[in-house]
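Asker: Below is a structure I'd like to ask you about.
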Number of protein chains: 2
Amino acid sequence: MKAPIRVSVTGAAGNIGYSLLWNVASGNCFGADQPIILQLLEITPALEKLKGTIMELQDSAFPLVHDIIGTDDADKAFGDADAVFLVGSRPRTKDMNRSDLFVANGPIFVGQGKSIGASARSTVRVITVGNPCNTNCLIARANAKNLPNSAFSAMTRLDQNRAVAQVAGKLGVPPGAVQDVFIWGNHSDTMCPDLQLATANGERVAGRLDQDWVRGEFRQTVATRGKAIIVARGSSSAASAAAAAVDHMRDWWQGTNGRVVSMAIPSEGWYGVPEGLVYSFPVRVDAAGRIQVVEGLEIDDYIRAGIDENIAALEDEKSNITNLL
Amino acid sequence: MKAPIRVSVTGAAGNIGYSLLWNVASGNCFGADQPIILQLLEITPALEKLKGTIMELQDSAFPLVHDIIGTDDADKAFGDADAVFLVGSRPRTKDMNRSDLFVANGPIFVGQGKSIGASARSTVRVITVGNPCNTNCLIARANAKNLPNSAFSAMTRLDQNRAVAQVAGKLGVPPGAVQDVFIWGNHSDTMCPDLQLATANGERVAGRLDQDWVRGEFRQTVATRGKAIIVARGSSSAASAAAAAVDHMRDWWQGTNGRVVSMAIPSEGWYGVPEGLVYSFPVRVDAAGRIQVVEGLEIDDYIRAGIDENIAALEDEKSNITNLL
């Protein structure tokens, strides 16, 4: 049997955490033969609720879960971590404007970045789920100075999955038939879905979908899906966000076997995105866990405008927190 | 690729449903190669929330999910169903005494039993999760007159999993090392865990555990675990209940490969349990999905008293709803 890996989850007593933990514990993320030790971080006032979550995890008697640690001490939660899900963040409340949101979240990700740098394994893989996730990731990355860029990512997989679902629905095929849809940019309503590589049952979808639909209703539906779910459910996406985080980490851990997926990672200048900005690109992951941006795509004017709009949005987000980098 | 099976879930917009659906949709229950069509039932006032749940399920782009139906029409939800999770039930509120609970739930399970009998496949497998689950199952079973006893079960797997977790914790082994723990009787605080077949890493646990602990703290902890979780979390067990329901159905669908598990099923008189009472026994499931009670166990006075206490409790529950059978 393999040695257990250490998997850290922040905001573990929250709604996304509640879905994520069972998904990870059942073996869906790291493989059915990979034992895990769960290291769960919460803010002090949520420790009692976290205790209840841990009791329920114990009561699920997962064969792969070798130990569960609950703590409000980041160094303990990230200690020797192999994989980290940064889920917890300060949500935007009614009295906050958008720049307040960055100011509220910044210090959390400064502290967690430092702690990951100090405590996690040098091979750690970090996914940032807590919003605004691209910029939170940028902050964490900047504060874990000893770790490489390749340790950090933010999640645009939920946008990708939403886009896949819309394309599958439009074509009348199961979502599993649709591949290689990806997202440019920021996990926000400016995100830019791209169907130039997408296939359904192995055939390119580009010629089969009306361009007005792709540039209009499709993009609009994906961009505003989070709000539509809040209206219907009365609470924000949790299980679908957790499932997307698991998809992202599974692909990072096990490789994409040639498939193209979306991950927001520190840019090395690809497609004109300024170096260091945490930006969603089309990527493949090889069997060794290396994330490789798909380079050399032809970018038409519409997509170029989408890429640039997201660069501007992320540069603006960054301008709120430059003192934290 | 296999033909899709139809999986019905009631109370689909509730908290257990929210955990259960992702667990089922990811392939954890019916196998990674088994496509499914989800048929989700809710009461009319919850249809908008159900719509949000369905949107999130779509957004998870599960390759195995070929279609999702949401409805308040039981005949539609159970139409041609291969597997049914009866999750929705009326919870006990402050102003209800215990017999009110049976009276409140009875009509729900009369209607669902009739509808399953009329609409589901003749080979359907039904697990009742909504509490009081043994007696709700008894009612549904009685009202689906064309279906065999073998189509119906109620869930004591959460009690079993809780017992496994306690034994594993006591012995300092991962829960996966502990096998063949089972539960007699009712899913309630009278349930009687039995360790006579239990092993840890292949060795019998009976001689390794202090009998005072087994009959005292262990049984008490398992019996009151649900309340302890409500105190810690501020809400009742949901993800662990959903995981247990999936464990139960997976074992029913795929077989237990010789392992002993707990399922509450209509008694054929085993161990002195009156015929027809829905009662948890130690069972194995063969590769064809036949549930086979483990017969011939030696029953000591302590376990005998536990079995009898649960018979009395379930006879008492039944006395509240004899008019519905």
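By order in the structure tokens, chains are A, B, ...; within a chain, residues start at 1; ligands start at 1, following the order shown.
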Taking only residues of chain B that have an atom at most 9 Å from an atom of chain A, what is each one's shortest atom pair and its distance in Å to one decimal, using only C-alpha atoms, in chain and number order, as CSV?
Answerer:
```
residue,atom,partner,partner_atom,distance
B:Ala13,CA,A:Arg233,CA,8.7
B:Tyr18,CA,A:Ala239,CA,7.5
B:Ser19,CA,A:Ser19,CA,6.7
B:Trp22,CA,A:Ala239,CA,7.2
B:Asn23,CA,A:Asn23,CA,7.3
B:Ser26,CA,A:Asn28,CA,8.1
B:Asn28,CA,A:Ser26,CA,8.1
B:Glu48,CA,A:Ala232,CA,5.6
B:Lys49,CA,A:Arg233,CA,4.4
B:Leu50,CA,A:Arg233,CA,7.3
B:Lys51,CA,A:Ala232,CA,6.4
B:Gly52,CA,A:Ala232,CA,4.7
B:Thr53,CA,A:Arg233,CA,6.8
B:Met55,CA,A:Ile229,CA,7.0
B:Glu56,CA,A:Ser240,CA,5.3
B:Leu57,CA,A:Ser240,CA,6.6
B:Gln58,CA,A:Ala165,CA,5.8
B:Asp59,CA,A:Arg162,CA,4.4
B:Ser60,CA,A:Ser240,CA,5.3
B:Ala61,CA,A:Pro175,CA,5.1
B:Phe62,CA,A:Pro175,CA,6.4
B:Pro63,CA,A:Gly176,CA,3.7
B:Leu64,CA,A:Gly176,CA,7.0
B:Val65,CA,A:Pro174,CA,7.0
B:His66,CA,A:Pro174,CA,5.3
B:Asp67,CA,A:Pro174,CA,7.7
B:Leu158,CA,A:Asp59,CA,7.2
B:Asp159,CA,A:Asp59,CA,8.4
B:Gln160,CA,A:Asp59,CA,8.7
B:Asn161,CA,A:Asp59,CA,5.5
B:Arg162,CA,A:Asp59,CA,4.4
B:Ala163,CA,A:Asp59,CA,7.9
B:Val164,CA,A:Ala61,CA,6.6
B:Ala165,CA,A:Ala61,CA,5.6
B:Gln166,CA,A:Asp59,CA,8.3
B:Ala168,CA,A:Ala61,CA,8.8
B:Val173,CA,A:His66,CA,8.0
B:Pro174,CA,A:His66,CA,5.3
B:Pro175,CA,A:Ala61,CA,5.1
B:Gly176,CA,A:Pro63,CA,3.7
B:Ala177,CA,A:Pro63,CA,7.3
B:Val178,CA,A:Pro63,CA,9.0
B:Arg225,CA,A:Met55,CA,8.7
B:Ala228,CA,A:Gly52,CA,8.0
B:Ile229,CA,A:Gly52,CA,5.3
B:Ile230,CA,A:Gly52,CA,7.7
B:Val231,CA,A:Gly52,CA,7.9
B:Ala232,CA,A:Gly52,CA,4.7
B:Arg233,CA,A:Lys49,CA,4.4
B:Gly234,CA,A:Lys49,CA,7.2
B:Ser237,CA,A:Glu56,CA,6.9
B:Ala238,CA,A:Glu56,CA,8.4
B:Ala239,CA,A:Glu56,CA,7.2
B:Ser240,CA,A:Ser60,CA,5.3
B:Ala241,CA,A:Ser60,CA,8.1
B:Ala243,CA,A:Ser60,CA,6.3
B:Ala244,CA,A:Ser60,CA,6.7
```
Asker: Using backbone DSSP assignments, extract all alpha helix (DSSP H) residues from stretch 8-202 of chain A; output them as a count of residues only.
Answerer: 76
Asker: Which parts of stretch 12-226 of chain A does DSSP call strand (DSSP E or B) when run on the backbone here, written out as a PyMOL selection string?
Answerer: chain A and resi 36-41+65-71+83-86+125-128+152-154+178-179+182-185+192-194+199-200+203-204
Asker: Show which residues sit within 10 Å of B:Ala154, as number ranges by chain. Count only C-alpha atoms, and ignore same-chain residues fewer than 4 positions away.
Answerer: B: 85-86, 126-138, 186-187, 245, 248, 262-266, 278-280
Asker: Just give me the gap between atom CA of B:Ala81 and atom CA of B:Phe281 in Å, one decimal is fine.
Answerer: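 Answer for the atom CA of B:Ala81 to atom CA of B:Phe281 separation: 25.7 Å.
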